[in-house]
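Note sheet for the following structure.
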Amino acid sequence: MGQADKKREVLVCQWVADGMNEMDGTDYRAVPYSPDPPDVLLISDSGKHATREAEVVSTPQDFTIRYDNKNVRKFERRLRLALQQLGFSNCNLLVYWSDSAVRFGVEDPLIFKLAEIIVATASRDDYLFLRGVEIYKHSPEVSRVVHYARVFRLSYPTLEVHSASGCWLPGDGRWIEEAVATKRKKYGSGTVASKLMLVVDGLFYLDPEQVEAFRHTAAPEQVPFAELWVVTMGRAYRVKP
């Protein structure tokens, strides 16, 4: 696990600690722990409260919209390199990749062809929006892996490549259920699970409606962990107990 991932785990657990301290009058803070399990420890500064062991799982499980999707990062690196090889700079580029591209990858020749299309169509104007239909005119193959590309021209010598993403949020608790099931499968319903606090990191893909839906429909056997918290948009929601 990289340092960024560990920092994220500590951050979401600190949000849980903040919520717990506010609700229960405790004085917990989150600190990293290795090796797993747990991912993070919640330690009482005063020593008055028992240390809690927290395991973190991210959601949703849909690979096309997870923040740590490795295919997307590869696309960005390869596209940036291709544009540099073509002598293109001074821009902020945003690309919306197709779901199939994110799931199964894109061959390097298509990435380079996309770079050629961008260079050929991006004038010295401050803004360019290259729609899918316009990409199709240049290359039907590229249009199947890229929905659109947006270019902002910059006044300073840099090249920024980013990826757009979007998703539909369900009204029920299915994504929380999937996240919990991942760790339940790993730890079962035995002693280890019964001692762990499970923290679901919802990023910005969960909302209070989904939390409430899961809280009202989840059977006790679905959550064999001592505690369950859901963190989304910087706020922690206690689900169990």
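Ligands are numbered from 1 in the order shown, chains are lettered A, B, ... in the order of the structure tokens, and residues start at 1 in each chain.
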
- Item | Within 7 Å of segment 38-47 of chain A using only C-alpha atoms, minus same-chain residues under 3 positions, as number ranges by chain | A: 10, 17, 27-34, 51-56

Prev. selection, C-alpha atoms, output as a CSV table (one decimal), in the first residue's frame:
chain,number,residue,atom,x,y,z
A,10,VAL,CA,-6.0,7.7,8.6
A,17,ALA,CA,-12.8,9.8,15.8
A,27,ASP,CA,-10.9,12.0,23.0
A,28,TYR,CA,-9.8,9.7,20.2
A,29,ARG,CA,-7.3,10.4,17.5
A,30,ALA,CA,-6.4,8.2,14.5
A,31,VAL,CA,-2.9,6.8,14.0
A,32,PRO,CA,-1.6,4.4,11.3
A,33,TYR,CA,-0.9,0.8,12.1
A,34,SER,CA,1.0,-1.9,10.3
A,51,THR,CA,-8.1,1.6,21.9
A,52,ARG,CA,-10.3,0.8,18.9
A,53,GLU,CA,-9.0,-1.2,15.9
A,54,ALA,CA,-10.3,0.1,12.5
A,55,GLU,CA,-10.4,-1.6,9.1
A,56,VAL,CA,-11.1,0.6,6.1

- Query: Could you pull the residues within 9 Å of Gly234 of chain A, counting only C-alpha atoms, minus those fewer than 3 positions along the same chain, as a PyMOL selection string?
  - Reply: chain A and resi 12+15+203-204+231

Can you list every residue of segment 11-105 of chain A that has an atom at most 8 Å from segment 142-147 of chain A, with its nearest atom pair and the distance in Å to one decimal, using only C-alpha atoms, ordered by chain then number, as JSON lines?
{"residue": "A:Val95", "atom": "CA", "partner": "A:Val146", "partner_atom": "CA", "distance": 7.1}
{"residue": "A:Tyr96", "atom": "CA", "partner": "A:His147", "partner_atom": "CA", "distance": 5.5}
{"residue": "A:Trp97", "atom": "CA", "partner": "A:Val146", "partner_atom": "CA", "distance": 4.4}
{"residue": "A:Ser98", "atom": "CA", "partner": "A:Val145", "partner_atom": "CA", "distance": 5.0}
{"residue": "A:Asp99", "atom": "CA", "partner": "A:Val145", "partner_atom": "CA", "distance": 7.9}
{"residue": "A:Ser100", "atom": "CA", "partner": "A:Val145", "partner_atom": "CA", "distance": 7.0}
{"residue": "A:Ala101", "atom": "CA", "partner": "A:Val145", "partner_atom": "CA", "distance": 5.2}

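Using only C-alpha atoms for every distance, the candidate list A:Ala213, A:Ser89, A:Ala193, A:Asp5 yields A:Ser89 as the residue closest to Glu160 of chain A.
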
- Message: Calculated over only C-alpha atoms, which of the candidates A:Pro224, A:Pro208, A:Gly202, A:Gly171 has the smallest distance to Ser189 of chain A?
- Response: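 Residue with the minimum atom-to-atom distance to Ser189 of chain A: A:Pro224.
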
- Item | Members of segment 91-180 of chain A assigned alpha helix (DSSP H) by DSSP, as a PyMOL selection string | chain A and resi 99-104+108-121+132-138+140-143+174-180

- Item | Pick from A:Lys48, A:Arg215, A:Ser123, A:Ala115, whichever lies nearest to Arg153 of chain A using only C-alpha atoms | A:Ser123

- Proximity to Thr59 of chain A - best of A:Gln85, A:Thr182, A:Ser139, A:Thr121, only C-alpha atoms: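 Of the candidates, the smallest distance to Thr59 of chain A is held by A:Thr182.
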
- Task: To one decimal in Å, tell me the separation between atom CA of Gln3 of chain A and atom CA of Ala82 of chain A.
- Result: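 These two atoms are separated by 28.3 Å.
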
- Query: So which one's closest to Arg150 of chain A, A:Leu196, A:Val223, A:Cys91, A:Ile111? Using only C-alpha atoms, please.
  - Reply: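 Smallest distance to Arg150 of chain A is found for A:Cys91.
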
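For the residues A:Val16, A:Val200, A:Leu154, A:Val192, ranking by smallest atom-to-atom distance to Ile176 of chain A using only C-alpha atoms places A:Val200 first.
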
- Extract, using only C-alpha atoms, all DNA, RNA and protein residues at most 8 Å from Val239 of chain A, discarding same-chain residues fewer than 5 positions from it, and format them as a PyMOL selection string. chain A and resi 211+215+227-230

Expected file: the selected residues, N, CA and C atoms, as a PDB file, in the first residue's frame:
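After the write, selection35.pdb holds the following:
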ATOM      1  N   VAL A 211     -27.016   5.775   3.262  1.00  0.00           N
ATOM      2  CA  VAL A 211     -26.675   5.329   4.616  1.00  0.00           C
ATOM      3  C   VAL A 211     -27.926   4.879   5.349  1.00  0.00           C
ATOM      4  N   ARG A 215     -28.959   1.145   6.702  1.00  0.00           N
ATOM      5  CA  ARG A 215     -29.223   0.981   8.135  1.00  0.00           C
ATOM      6  C   ARG A 215     -30.552   0.266   8.379  1.00  0.00           C
ATOM      7  N   GLU A 227     -18.234  -2.509  15.204  1.00  0.00           N
ATOM      8  CA  GLU A 227     -18.821  -1.223  14.865  1.00  0.00           C
ATOM      9  C   GLU A 227     -18.783  -1.048  13.356  1.00  0.00           C
ATOM     10  N   LEU A 228     -19.696  -0.244  12.852  1.00  0.00           N
ATOM     11  CA  LEU A 228     -19.695   0.108  11.437  1.00  0.00           C
ATOM     12  C   LEU A 228     -19.946   1.597  11.306  1.00  0.00           C
ATOM     13  N   TRP A 229     -19.029   2.269  10.610  1.00  0.00           N
ATOM     14  CA  TRP A 229     -19.158   3.695  10.316  1.00  0.00           C
ATOM     15  C   TRP A 229     -19.062   3.887   8.806  1.00  0.00           C
ATOM     16  N   VAL A 230     -19.799   4.847   8.304  1.00  0.00           N
ATOM     17  CA  VAL A 230     -19.715   5.235   6.894  1.00  0.00           C
ATOM     18  C   VAL A 230     -19.266   6.689   6.835  1.00  0.00           C
TER      19      VAL A 230
END

- Query: Hey, what's within 12 Å of Glu221 of chain A if we count only C-alpha atoms and toss same-chain stuff fewer than 5 positions away? As a list in words, please?
  - Reply: Glu177, Val180, Ala181, Arg184, Gly188, Ser189, Gly190, Ala193, Ser194 and Ala226 of chain A

Just C-alpha atoms for this one: save the residues we selected as a PDB file, in the first residue's frame.
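Final file, again-v8.pdb:
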ATOM      1  CA  GLU A 177     -23.524  -3.576   1.249  1.00  0.00           C
ATOM      2  CA  VAL A 180     -19.110  -4.543   3.875  1.00  0.00           C
ATOM      3  CA  ALA A 181     -19.370  -7.871   2.042  1.00  0.00           C
ATOM      4  CA  ARG A 184     -16.933  -9.949   5.653  1.00  0.00           C
ATOM      5  CA  GLY A 188     -15.739 -14.091   8.176  1.00  0.00           C
ATOM      6  CA  SER A 189     -17.881 -13.775  11.273  1.00  0.00           C
ATOM      7  CA  GLY A 190     -15.306 -14.954  13.799  1.00  0.00           C
ATOM      8  CA  ALA A 193     -14.254  -9.450  12.778  1.00  0.00           C
ATOM      9  CA  SER A 194     -16.026  -9.104  16.128  1.00  0.00           C
ATOM     10  CA  ALA A 226     -18.047  -4.606  16.408  1.00  0.00           C
TER      11      ALA A 226
END
